[in-house]
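Raw contents of entry-v1.pdb, PDB, C-alpha atoms:
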ATOM      1  CA  MET A   1     -27.658  33.614  86.935
ATOM      2  CA  LEU A   2     -28.062  35.489  83.658
ATOM      3  CA  ASP A   3     -30.754  37.696  85.185
ATOM      4  CA  THR A   4     -28.501  38.526  88.117
ATOM      5  CA  PHE A   5     -25.834  39.631  85.668
ATOM      6  CA  LEU A   6     -28.305  41.672  83.603
ATOM      7  CA  GLN A   7     -29.612  43.374  86.735
ATOM      8  CA  ALA A   8     -26.105  44.171  87.954
ATOM      9  CA  LEU A   9     -25.257  45.579  84.511
ATOM     10  CA  GLN A  10     -28.389  47.677  84.484
ATOM     11  CA  GLY A  11     -27.644  48.953  87.974
ATOM     12  CA  SER A  12     -24.139  50.132  87.077
ATOM     13  CA  SER A  13     -23.515  53.863  87.161
ATOM     14  CA  ILE A  14     -22.901  54.099  83.381
ATOM     15  CA  ALA A  15     -26.154  52.256  82.607
ATOM     16  CA  THR A  16     -28.066  54.470  85.011
ATOM     17  CA  ALA A  17     -26.595  57.616  83.478
ATOM     18  CA  ILE A  18     -27.608  56.489  79.978
ATOM     19  CA  ARG A  19     -31.094  55.495  81.129
ATOM     20  CA  GLU A  20     -31.778  58.645  83.086
ATOM     21  CA  GLY A  21     -29.986  61.236  80.965
ATOM     22  CA  GLU A  22     -32.171  62.607  78.209
ATOM     23  CA  ARG A  23     -29.549  63.000  75.518
ATOM     24  CA  LEU A  24     -27.015  60.254  76.153
ATOM     25  CA  PHE A  25     -29.075  57.399  74.688
ATOM     26  CA  PRO A  26     -29.817  59.110  71.341
ATOM     27  CA  TRP A  27     -26.200  60.230  70.890
ATOM     28  CA  ILE A  28     -24.889  56.716  71.543
ATOM     29  CA  GLU A  29     -27.586  55.366  69.230
ATOM     30  CA  CYS A  30     -26.378  57.747  66.493
ATOM     31  CA  LEU A  31     -22.877  56.305  66.854
ATOM     32  CA  HIS A  32     -24.275  52.770  66.827
ATOM     33  CA  VAL A  33     -26.256  53.346  63.623
ATOM     34  CA  LEU A  34     -23.260  54.988  61.925
ATOM     35  CA  ALA A  35     -20.902  52.184  63.000
ATOM     36  CA  LEU A  36     -23.318  49.431  61.990
ATOM     37  CA  ALA A  37     -23.926  51.130  58.628
ATOM     38  CA  ILE A  38     -20.172  51.110  57.963
ATOM     39  CA  VAL A  39     -19.847  47.475  59.140
ATOM     40  CA  VAL A  40     -22.647  46.346  56.831
ATOM     41  CA  GLY A  41     -21.599  48.581  53.943
ATOM     42  CA  SER A  42     -17.974  47.443  54.038
ATOM     43  CA  ILE A  43     -18.854  43.758  54.403
ATOM     44  CA  ALA A  44     -21.298  44.163  51.503
ATOM     45  CA  THR A  45     -18.407  45.504  49.399
ATOM     46  CA  VAL A  46     -16.597  42.168  49.873
ATOM     47  CA  ASP A  47     -19.800  40.116  49.521
ATOM     48  CA  LEU A  48     -20.832  41.835  46.272
ATOM     49  CA  ARG A  49     -17.335  41.241  44.903
ATOM     50  CA  LEU A  50     -17.510  37.552  45.877
ATOM     51  CA  ILE A  51     -20.932  37.194  44.259
ATOM     52  CA  GLY A  52     -19.566  39.014  41.211
ATOM     53  CA  LEU A  53     -21.866  42.045  41.256
ATOM     54  CA  ALA A  54     -19.304  44.786  41.992
ATOM     55  CA  SER A  55     -15.548  45.483  41.724
ATOM     56  CA  ARG A  56     -15.468  42.670  39.150
ATOM     57  CA  ASP A  57     -12.099  43.665  37.723
ATOM     58  CA  ARG A  58     -10.344  43.765  41.096
ATOM     59  CA  GLY A  59      -8.978  40.765  42.972
ATOM     60  CA  VAL A  60     -10.933  39.477  45.981
ATOM     61  CA  ALA A  61      -7.763  39.639  48.098
ATOM     62  CA  GLN A  62      -7.240  43.331  47.226
ATOM     63  CA  VAL A  63     -10.866  44.267  47.906
ATOM     64  CA  THR A  64     -10.758  42.429  51.238
ATOM     65  CA  ALA A  65      -7.451  43.959  52.320
ATOM     66  CA  ALA A  66      -8.675  47.484  51.564
ATOM     67  CA  VAL A  67     -11.985  47.070  53.351
ATOM     68  CA  LEU A  68     -11.355  44.870  56.409
ATOM     69  CA  PRO A  69      -9.537  47.456  58.577
ATOM     70  CA  VAL A  70     -12.580  49.717  58.098
ATOM     71  CA  THR A  71     -14.924  46.832  58.948
ATOM     72  CA  TRP A  72     -13.114  45.886  62.163
ATOM     73  CA  SER A  73     -12.764  49.467  63.406
ATOM     74  CA  ALA A  74     -16.454  50.094  62.801
ATOM     75  CA  PHE A  75     -17.352  46.733  64.369
ATOM     76  CA  ALA A  76     -15.447  47.682  67.548
ATOM     77  CA  CYS A  77     -17.400  50.977  67.695
ATOM     78  CA  ALA A  78     -20.682  49.150  67.096
ATOM     79  CA  VAL A  79     -19.971  46.626  69.886
ATOM     80  CA  ILE A  80     -19.020  49.332  72.402
ATOM     81  CA  SER A  81     -21.950  51.640  71.560
ATOM     82  CA  GLY A  82     -24.320  48.661  71.353
ATOM     83  CA  GLY A  83     -23.085  47.375  74.718
ATOM     84  CA  LEU A  84     -23.748  50.777  76.295
ATOM     85  CA  LEU A  85     -27.265  50.938  74.822
ATOM     86  CA  PHE A  86     -27.891  47.367  75.997
ATOM     87  CA  SER A  87     -26.661  48.089  79.531
ATOM     88  CA  SER A  88     -29.146  50.948  79.970
ATOM     89  CA  ASN A  89     -32.010  48.456  79.893
ATOM     90  CA  ALA A  90     -30.245  45.096  80.064
ATOM     91  CA  THR A  91     -33.083  43.049  81.596
ATOM     92  CA  THR A  92     -35.533  44.149  78.898
ATOM     93  CA  TYR A  93     -33.130  43.825  75.938
ATOM     94  CA  GLY A  94     -31.798  40.505  77.219
ATOM     95  CA  HIS A  95     -35.269  38.996  77.026
ATOM     96  CA  ASN A  96     -36.236  40.614  73.726
ATOM     97  CA  VAL A  97     -36.497  37.966  71.037
ATOM     98  CA  TYR A  98     -35.252  40.285  68.263
ATOM     99  CA  PHE A  99     -32.191  41.130  70.318
ATOM    100  CA  GLN A 100     -31.489  37.423  70.853
ATOM    101  CA  VAL A 101     -31.968  36.664  67.152
ATOM    102  CA  LYS A 102     -29.718  39.621  66.244
ATOM    103  CA  MET A 103     -26.900  38.254  68.427
ATOM    104  CA  ALA A 104     -27.370  34.769  66.959
ATOM    105  CA  LEU A 105     -27.220  36.178  63.417
ATOM    106  CA  ILE A 106     -23.992  38.085  64.155
ATOM    107  CA  LEU A 107     -22.544  34.844  65.545
ATOM    108  CA  LEU A 108     -23.622  32.996  62.373
ATOM    109  CA  ALA A 109     -22.067  35.728  60.217
ATOM    110  CA  GLY A 110     -18.843  35.258  62.188
ATOM    111  CA  ILE A 111     -18.946  31.479  61.716
ATOM    112  CA  ASN A 112     -19.618  31.957  57.987
ATOM    113  CA  MET A 113     -16.594  34.255  57.779
ATOM    114  CA  GLY A 114     -14.452  31.777  59.738
ATOM    115  CA  ILE A 115     -15.415  28.871  57.476
ATOM    116  CA  PHE A 116     -14.761  31.030  54.423
ATOM    117  CA  HIS A 117     -11.267  32.000  55.533
ATOM    118  CA  LEU A 118     -10.338  28.485  56.680
ATOM    119  CA  PHE A 119     -11.646  26.416  53.791
ATOM    120  CA  VAL A 120     -12.638  28.603  50.851
ATOM    121  CA  GLY A 121     -10.565  31.752  51.109
ATOM    122  CA  ARG A 122      -7.136  30.110  51.051
ATOM    123  CA  GLU A 123      -6.902  30.347  47.314
ATOM    124  CA  MET A 124      -8.311  33.915  47.365
ATOM    125  CA  GLU A 125      -5.086  35.312  45.823
ATOM    126  CA  SER A 126      -5.933  33.607  42.532
ATOM    127  CA  TRP A 127      -9.390  35.188  42.166
ATOM    128  CA  ARG A 128      -8.249  38.179  40.133
ATOM    129  CA  THR A 129     -11.513  38.712  38.260
ATOM    130  CA  ALA A 130     -15.132  37.873  38.947
ATOM    131  CA  ALA A 131     -15.000  35.087  36.352
ATOM    132  CA  LEU A 132     -12.329  33.250  38.390
ATOM    133  CA  THR A 133     -14.288  33.296  41.652
ATOM    134  CA  PRO A 134     -15.617  29.786  42.407
ATOM    135  CA  ARG A 135     -19.206  29.046  43.258
ATOM    136  CA  ARG A 136     -18.525  28.250  46.940
ATOM    137  CA  ALA A 137     -17.084  31.755  47.368
ATOM    138  CA  LYS A 138     -20.207  33.208  45.766
ATOM    139  CA  VAL A 139     -22.360  31.234  48.213
ATOM    140  CA  ALA A 140     -20.307  32.488  51.185
ATOM    141  CA  GLY A 141     -20.819  36.073  49.944
ATOM    142  CA  ALA A 142     -24.565  35.637  49.472
ATOM    143  CA  VAL A 143     -24.981  34.021  52.926
ATOM    144  CA  SER A 144     -23.025  36.843  54.548
ATOM    145  CA  LEU A 145     -25.061  39.519  52.762
ATOM    146  CA  CYS A 146     -28.381  37.944  53.824
ATOM    147  CA  LEU A 147     -27.232  37.542  57.447
ATOM    148  CA  TRP A 148     -26.152  41.183  57.743
ATOM    149  CA  ILE A 149     -29.379  42.461  56.163
ATOM    150  CA  ALA A 150     -31.258  40.400  58.765
ATOM    151  CA  VAL A 151     -29.050  41.869  61.533
ATOM    152  CA  VAL A 152     -30.088  45.401  60.496
ATOM    153  CA  ALA A 153     -33.755  44.358  60.366
ATOM    154  CA  CYS A 154     -33.610  42.774  63.844
ATOM    155  CA  GLY A 155     -31.931  45.897  65.194
ATOM    156  CA  ARG A 156     -34.788  48.002  63.918
ATOM    157  CA  TRP A 157     -37.403  45.589  65.262
ATOM    158  CA  ILE A 158     -35.837  45.750  68.759
ATOM    159  CA  GLY A 159     -36.738  49.439  68.780
ATOM    160  CA  PHE A 160     -40.343  48.685  67.894
ATOM    161  CA  THR A 161     -40.846  45.960  70.494
ATOM    162  CA  ILE A 162     -39.276  47.916  73.346
ATOM    163  CA  ASN A 163     -40.882  51.118  74.460
ATOM    164  CA  THR A 164     -38.395  53.717  73.211
ATOM    165  CA  PRO A 165     -38.700  56.361  70.495
ATOM    166  CA  THR A 166     -38.429  54.745  67.094
TER
ATOM    167  CA  MET B 167     -44.148  80.636  60.319
ATOM    168  CA  ALA B 168     -43.518  78.245  57.460
ATOM    169  CA  TRP B 169     -44.398  75.364  59.785
ATOM    170  CA  LEU B 170     -47.897  76.750  60.295
ATOM    171  CA  SER B 171     -48.840  76.410  56.640
ATOM    172  CA  LEU B 172     -47.572  72.835  56.678
ATOM    173  CA  GLU B 173     -50.095  71.752  59.265
ATOM    174  CA  PRO B 174     -53.111  71.303  56.929
ATOM    175  CA  PHE B 175     -50.857  69.464  54.439
ATOM    176  CA  CYS B 176     -49.611  67.113  57.178
ATOM    177  CA  ARG B 177     -53.185  66.448  58.270
ATOM    178  CA  TRP B 178     -54.288  65.765  54.677
ATOM    179  CA  LEU B 179     -51.301  63.465  54.046
ATOM    180  CA  ALA B 180     -51.919  61.500  57.259
ATOM    181  CA  GLY B 181     -55.491  60.876  56.084
ATOM    182  CA  THR B 182     -54.577  59.452  52.663
ATOM    183  CA  PRO B 183     -55.040  55.707  52.052
ATOM    184  CA  VAL B 184     -51.260  55.192  51.688
ATOM    185  CA  SER B 185     -50.606  56.772  55.064
ATOM    186  CA  GLN B 186     -53.482  54.903  56.688
ATOM    187  CA  THR B 187     -52.227  51.572  55.341
ATOM    188  CA  ILE B 188     -48.671  52.153  56.611
ATOM    189  CA  GLN B 189     -50.009  53.236  59.998
ATOM    190  CA  THR B 190     -52.274  50.185  60.355
ATOM    191  CA  ILE B 191     -49.955  47.385  59.262
ATOM    192  CA  GLU B 192     -47.360  47.162  61.990
ATOM    193  CA  TRP B 193     -44.408  45.699  60.119
ATOM    194  CA  ILE B 194     -44.323  48.262  57.311
ATOM    195  CA  ILE B 195     -42.539  51.083  59.190
ATOM    196  CA  PRO B 196     -39.672  48.945  60.593
ATOM    197  CA  ALA B 197     -39.330  47.277  57.176
ATOM    198  CA  LEU B 198     -39.092  50.669  55.428
ATOM    199  CA  GLN B 199     -36.575  51.854  58.029
ATOM    200  CA  THR B 200     -34.510  48.699  57.477
ATOM    201  CA  VAL B 201     -34.322  49.301  53.717
ATOM    202  CA  HIS B 202     -33.586  52.991  54.391
ATOM    203  CA  ILE B 203     -30.687  52.125  56.743
ATOM    204  CA  LEU B 204     -29.271  49.566  54.286
ATOM    205  CA  ALA B 205     -29.242  52.221  51.563
ATOM    206  CA  VAL B 206     -27.638  54.672  54.018
ATOM    207  CA  ALA B 207     -24.994  52.011  54.748
ATOM    208  CA  CYS B 208     -24.244  51.823  51.030
ATOM    209  CA  VAL B 209     -23.899  55.601  50.617
ATOM    210  CA  VAL B 210     -21.933  56.299  53.807
ATOM    211  CA  THR B 211     -19.464  53.434  53.321
ATOM    212  CA  SER B 212     -18.831  54.478  49.707
ATOM    213  CA  ALA B 213     -18.256  58.102  50.730
ATOM    214  CA  LEU B 214     -15.951  56.894  53.523
ATOM    215  CA  MET B 215     -13.856  54.732  51.174
ATOM    216  CA  ILE B 216     -13.382  57.651  48.738
ATOM    217  CA  ASP B 217     -12.630  60.103  51.572
ATOM    218  CA  LEU B 218     -10.107  57.771  53.218
ATOM    219  CA  ARG B 219      -8.298  57.500  49.884
ATOM    220  CA  LEU B 220      -8.366  61.294  49.390
ATOM    221  CA  LEU B 221      -6.914  61.663  52.895
ATOM    222  CA  GLY B 222      -4.195  59.175  52.000
ATOM    223  CA  LEU B 223      -5.221  56.779  54.773
ATOM    224  CA  GLY B 224      -5.373  53.022  54.352
ATOM    225  CA  ARG B 225      -4.240  51.181  51.228
ATOM    226  CA  HIS B 226      -2.485  53.097  48.514
ATOM    227  CA  ASP B 227      -2.417  50.509  45.757
ATOM    228  CA  GLN B 228      -5.011  52.328  43.630
ATOM    229  CA  PRO B 229      -5.210  55.967  42.459
ATOM    230  CA  VAL B 230      -8.109  58.163  43.633
ATOM    231  CA  ALA B 231      -9.660  57.815  40.160
ATOM    232  CA  ALA B 232     -10.010  54.030  40.458
ATOM    233  CA  ILE B 233     -11.515  54.184  43.963
ATOM    234  CA  ALA B 234     -13.906  56.937  42.862
ATOM    235  CA  ARG B 235     -14.973  54.977  39.788
ATOM    236  CA  ARG B 236     -15.777  51.948  41.960
ATOM    237  CA  PHE B 237     -17.583  53.706  44.799
ATOM    238  CA  LEU B 238     -19.242  56.831  43.307
ATOM    239  CA  PRO B 239     -22.109  54.838  41.713
ATOM    240  CA  PHE B 240     -22.871  53.404  45.163
ATOM    241  CA  ILE B 241     -23.327  56.951  46.488
ATOM    242  CA  TRP B 242     -25.767  57.963  43.732
ATOM    243  CA  TRP B 243     -27.876  54.938  42.939
ATOM    244  CA  PRO B 244     -29.178  54.281  46.483
ATOM    245  CA  LEU B 245     -30.545  57.856  46.525
ATOM    246  CA  PRO B 246     -33.829  56.955  44.736
ATOM    247  CA  VAL B 247     -34.289  54.094  47.241
ATOM    248  CA  LEU B 248     -33.660  56.532  50.097
ATOM    249  CA  ALA B 249     -36.078  59.057  48.593
ATOM    250  CA  ALA B 250     -38.792  56.426  48.098
ATOM    251  CA  THR B 251     -38.519  54.814  51.562
ATOM    252  CA  GLY B 252     -38.065  58.256  53.134
ATOM    253  CA  ALA B 253     -41.177  59.592  51.373
ATOM    254  CA  LEU B 254     -43.246  56.617  52.576
ATOM    255  CA  LEU B 255     -41.982  57.115  56.143
ATOM    256  CA  ILE B 256     -42.978  60.791  55.898
ATOM    257  CA  ALA B 257     -46.403  59.792  54.545
ATOM    258  CA  ALA B 258     -46.899  57.492  57.551
ATOM    259  CA  GLU B 259     -46.300  60.259  60.091
ATOM    260  CA  PRO B 260     -46.025  63.593  58.228
ATOM    261  CA  ALA B 261     -45.711  65.892  61.234
ATOM    262  CA  ARG B 262     -42.974  63.736  62.792
ATOM    263  CA  SER B 263     -40.546  64.879  60.114
ATOM    264  CA  LEU B 264     -42.008  67.702  58.014
ATOM    265  CA  ARG B 265     -42.581  69.886  61.065
ATOM    266  CA  ASN B 266     -39.363  68.773  62.744
ATOM    267  CA  PRO B 267     -36.345  71.150  62.675
ATOM    268  CA  VAL B 268     -33.946  68.166  62.766
ATOM    269  CA  PHE B 269     -35.497  66.775  59.574
ATOM    270  CA  LEU B 270     -34.875  70.127  57.888
ATOM    271  CA  LEU B 271     -31.283  70.048  59.152
ATOM    272  CA  LYS B 272     -30.892  66.523  57.739
ATOM    273  CA  MET B 273     -32.052  67.688  54.302
ATOM    274  CA  GLU B 274     -29.674  70.671  54.392
ATOM    275  CA  LEU B 275     -26.763  68.436  55.363
ATOM    276  CA  LEU B 276     -27.748  65.997  52.600
ATOM    277  CA  VAL B 277     -27.615  68.766  49.975
ATOM    278  CA  LEU B 278     -24.243  69.854  51.398
ATOM    279  CA  ALA B 279     -22.854  66.296  51.361
ATOM    280  CA  ALA B 280     -24.101  65.680  47.821
ATOM    281  CA  GLY B 281     -22.589  69.002  46.705
ATOM    282  CA  ILE B 282     -19.203  68.077  48.210
ATOM    283  CA  THR B 283     -19.392  64.705  46.457
ATOM    284  CA  LEU B 284     -19.966  66.506  43.140
ATOM    285  CA  LEU B 285     -16.942  68.727  43.866
ATOM    286  CA  CYS B 286     -14.891  65.543  43.987
ATOM    287  CA  GLN B 287     -16.613  63.904  41.016
ATOM    288  CA  ILE B 288     -16.860  66.644  38.359
ATOM    289  CA  PRO B 289     -13.106  67.281  37.906
ATOM    290  CA  LEU B 290     -12.632  63.511  37.415
ATOM    291  CA  ARG B 291     -14.870  63.645  34.334
ATOM    292  CA  ARG B 292     -12.482  65.924  32.505
ATOM    293  CA  ASN B 293      -9.321  64.297  33.798
ATOM    294  CA  ALA B 294      -9.373  60.929  35.568
ATOM    295  CA  ALA B 295      -6.009  61.632  37.215
ATOM    296  CA  PHE B 296      -7.151  65.046  38.500
ATOM    297  CA  TRP B 297      -6.801  64.328  42.227
ATOM    298  CA  ASP B 298      -3.477  62.477  41.852
ATOM    299  CA  LEU B 299      -1.827  65.101  39.645
ATOM    300  CA  SER B 300       0.059  67.413  42.018
ATOM    301  CA  ALA B 301       0.703  68.092  45.704
ATOM    302  CA  GLY B 302      -1.684  71.050  45.535
ATOM    303  CA  ARG B 303      -4.477  68.900  44.106
ATOM    304  CA  ARG B 304      -3.881  66.264  46.769
ATOM    305  CA  ARG B 305      -4.164  68.949  49.458
ATOM    306  CA  LEU B 306      -7.429  70.166  47.943
ATOM    307  CA  GLY B 307      -8.642  66.557  47.842
ATOM    308  CA  ARG B 308      -7.855  66.189  51.538
ATOM    309  CA  LEU B 309      -9.882  69.324  52.292
ATOM    310  CA  ILE B 310     -12.830  67.926  50.336
ATOM    311  CA  ALA B 311     -12.633  64.673  52.293
ATOM    312  CA  LEU B 312     -12.443  66.561  55.594
ATOM    313  CA  ALA B 313     -15.641  68.419  54.648
ATOM    314  CA  SER B 314     -17.400  65.368  53.242
ATOM    315  CA  LEU B 315     -17.006  63.098  56.283
ATOM    316  CA  PRO B 316     -18.703  65.363  58.862
ATOM    317  CA  ALA B 317     -21.454  66.204  56.352
ATOM    318  CA  TRP B 318     -22.374  62.527  55.820
ATOM    319  CA  ILE B 319     -22.033  61.749  59.543
ATOM    320  CA  GLY B 320     -24.315  64.714  60.207
ATOM    321  CA  VAL B 321     -26.927  63.282  57.826
ATOM    322  CA  VAL B 322     -26.921  59.956  59.732
ATOM    323  CA  PHE B 323     -26.994  61.587  63.176
ATOM    324  CA  ALA B 324     -29.772  64.030  62.255
ATOM    325  CA  GLY B 325     -31.717  61.096  60.805
ATOM    326  CA  ARG B 326     -31.652  59.290  64.149
ATOM    327  CA  TRP B 327     -32.425  62.469  66.115
ATOM    328  CA  ILE B 328     -35.713  62.931  64.182
ATOM    329  CA  ALA B 329     -37.139  60.251  66.473
ATOM    330  CA  TYR B 330     -36.189  62.189  69.616
ATOM    331  CA  ILE B 331     -37.097  65.784  68.727
ATOM    332  CA  GLN B 332     -40.762  66.681  68.735
ATOM    333  CA  GLY B 333     -42.194  68.341  65.647
ATOM    334  CA  VAL B 334     -43.252  71.932  66.338
TER
END
Can you dump the structure from the file as structure tokens?
Amino acid sequence: MLDTFLQALQGSSIATAIREGERLFPWIECLHVLALAIVVGSIATVDLRLIGLASRDRGVAQVTAAVLPVTWSAFACAVISGGLLFSSNATTYGHNVYFQVKMALILLAGINMGIFHLFVGREMESWRTAALTPRRAKVAGAVSLCLWIAVVACGRWIGFTINTPT
Amino acid sequence: MAWLSLEPFCRWLAGTPVSQTIQTIEWIIPALQTVHILAVACVVTSALMIDLRLLGLGRHDQPVAAIARRFLPFIWWPLPVLAATGALLIAAEPARSLRNPVFLLKMELLVLAAGITLLCQIPLRRNAAFWDLSAGRRRLGRLIALASLPAWIGVVFAGRWIAYIQGV
């Protein structure tokens, strides 16, 4: 079932063009790296503020509001470019353990963010300085930071376990 | 011609114990690249946040000076990390980058991007409100941001293209 889907994806005309064209894959990969860098960098801005290591004099709510539009735009670019890269060799990527772990980690990062906003982040407005940020918010920030660092690492390891230029 | 004289140096570097170690132990190169990309993420996002503010896009609740004060350190202090991981990656496979025109392009773009960042930073030292002071200054700030963004994007793109262009 899954393999049928992966094969169909790989056989699509876009996937074939990316696989067979010499320059398409690297250009899309450039976009993917740039987008992912901005996703991770902007999320780290919020995480470091939650932990209390940066932007200490600015409210968590203000930091988040300034950064999240950037994060979501970059995330959309990363998903689209990543999807295109994936499609070019879907059957191989789909079975690559680092790819699977990477997807799981992104899911976990999403769950962590969801839990934070539902249960911890409600009183975010009151965290005006780093000293006022409660421990559970610091934990959410640290978990997020670790997950996204691991996402970047898995992404790099995919390249080294699949036969493409690294 | 300059590439020719680099060849013996590349060969010597590839034979050093550091290079040999990185080449033999499989996880070192992806680990170095991971740290390198994380530091790039730090620099590029910080430059983007300052440039977006200079362009007047996004939130306006803070002056340029405050944004610059928060994000400029995150452009400069990852640079030693980038230099160290980059140098080790070069040591692992010297010819892959040192004799690669795209690597040279990346270094040129890096100098350009750093120079543009200084153009934004130096006036702030004398007067923190410099970029918020007048319509003319704001226009100049927008021009700096419009030059800075493609320069940093170029650094990232050239970095990825090193893997696809053969060293000459």
What are the residues of chain A lining chain B at 7 Å or less? Count all atoms listed in the file, and put the answer as a PDB file with C-alpha atoms, in the frame of the given file.
ATOM      1  CA  PRO A  26     -29.817  59.110  71.341  1.00  0.00           C
ATOM      2  CA  CYS A  30     -26.378  57.747  66.493  1.00  0.00           C
ATOM      3  CA  LEU A  34     -23.260  54.988  61.925  1.00  0.00           C
ATOM      4  CA  ALA A  37     -23.926  51.130  58.628  1.00  0.00           C
ATOM      5  CA  ILE A  38     -20.172  51.110  57.963  1.00  0.00           C
ATOM      6  CA  VAL A  40     -22.647  46.346  56.831  1.00  0.00           C
ATOM      7  CA  GLY A  41     -21.599  48.581  53.943  1.00  0.00           C
ATOM      8  CA  SER A  42     -17.974  47.443  54.038  1.00  0.00           C
ATOM      9  CA  SER A  55     -15.548  45.483  41.724  1.00  0.00           C
ATOM     10  CA  ALA A  66      -8.675  47.484  51.564  1.00  0.00           C
ATOM     11  CA  VAL A 152     -30.088  45.401  60.496  1.00  0.00           C
ATOM     12  CA  ALA A 153     -33.755  44.358  60.366  1.00  0.00           C
ATOM     13  CA  ARG A 156     -34.788  48.002  63.918  1.00  0.00           C
ATOM     14  CA  TRP A 157     -37.403  45.589  65.262  1.00  0.00           C
ATOM     15  CA  PRO A 165     -38.700  56.361  70.495  1.00  0.00           C
ATOM     16  CA  THR A 166     -38.429  54.745  67.094  1.00  0.00           C
TER      17      THR A 166
END
### Task
Name the residues captured by the PyMOL selection byres ((chain B and resi 230-232) around 10) when it is applied to the shown file; answer as a PyMOL selection string.
chain B and resi 216-222+226-229+233-237+287+290-291+293-298+304+307
Problem set entry | Long-range neighbours of Leu145 of chain A as an NGL selection string, 7 Å cut-off, all atoms listed in the file, 4 positions minimum in chain | :A and (44 or 47 or 141 or 149)
Could you work out how far atom CA of His117 of chain A lies from atom CA of Val67 of chain A, giving the answer in Å with one decimal?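 For atom CA of Val67 of chain A relative to atom CA of His117 of chain A, the distance reads 15.2 Å.
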Would you list the contacts of Glu173 of chain B as a PyMOL selection string, taking every protein, DNA or RNA residue within 9 Å and counting only C-alpha atoms, but skipping same-chain residues closer than 4 positions in sequence?
chain B and resi 169+177-178+261+265
Pull out every residue that the PyMOL selection byres ((chain A and resi 136) around 12) matches in the shown coordinates and put them as a PyMOL selection string.
-> chain A and resi 50-51+112+115-117+119-121+123-124+132-135+137-143
Writer output for current selection, C-alpha atoms, as a PDB file, in the coordinates of the input:
ATOM      1  CA  LEU A  50     -17.510  37.552  45.877  1.00  0.00           C
ATOM      2  CA  ILE A  51     -20.932  37.194  44.259  1.00  0.00           C
ATOM      3  CA  ASN A 112     -19.618  31.957  57.987  1.00  0.00           C
ATOM      4  CA  ILE A 115     -15.415  28.871  57.476  1.00  0.00           C
ATOM      5  CA  PHE A 116     -14.761  31.030  54.423  1.00  0.00           C
ATOM      6  CA  HIS A 117     -11.267  32.000  55.533  1.00  0.00           C
ATOM      7  CA  PHE A 119     -11.646  26.416  53.791  1.00  0.00           C
ATOM      8  CA  VAL A 120     -12.638  28.603  50.851  1.00  0.00           C
ATOM      9  CA  GLY A 121     -10.565  31.752  51.109  1.00  0.00           C
ATOM     10  CA  GLU A 123      -6.902  30.347  47.314  1.00  0.00           C
ATOM     11  CA  MET A 124      -8.311  33.915  47.365  1.00  0.00           C
ATOM     12  CA  LEU A 132     -12.329  33.250  38.390  1.00  0.00           C
ATOM     13  CA  THR A 133     -14.288  33.296  41.652  1.00  0.00           C
ATOM     14  CA  PRO A 134     -15.617  29.786  42.407  1.00  0.00           C
ATOM     15  CA  ARG A 135     -19.206  29.046  43.258  1.00  0.00           C
ATOM     16  CA  ALA A 137     -17.084  31.755  47.368  1.00  0.00           C
ATOM     17  CA  LYS A 138     -20.207  33.208  45.766  1.00  0.00           C
ATOM     18  CA  VAL A 139     -22.360  31.234  48.213  1.00  0.00           C
ATOM     19  CA  ALA A 140     -20.307  32.488  51.185  1.00  0.00           C
ATOM     20  CA  GLY A 141     -20.819  36.073  49.944  1.00  0.00           C
ATOM     21  CA  ALA A 142     -24.565  35.637  49.472  1.00  0.00           C
ATOM     22  CA  VAL A 143     -24.981  34.021  52.926  1.00  0.00           C
TER      23      VAL A 143
END
Pairwise distance, atom CA of Gln10 of chain A with atom CA of Val33 of chain A, equals 21.7 Å
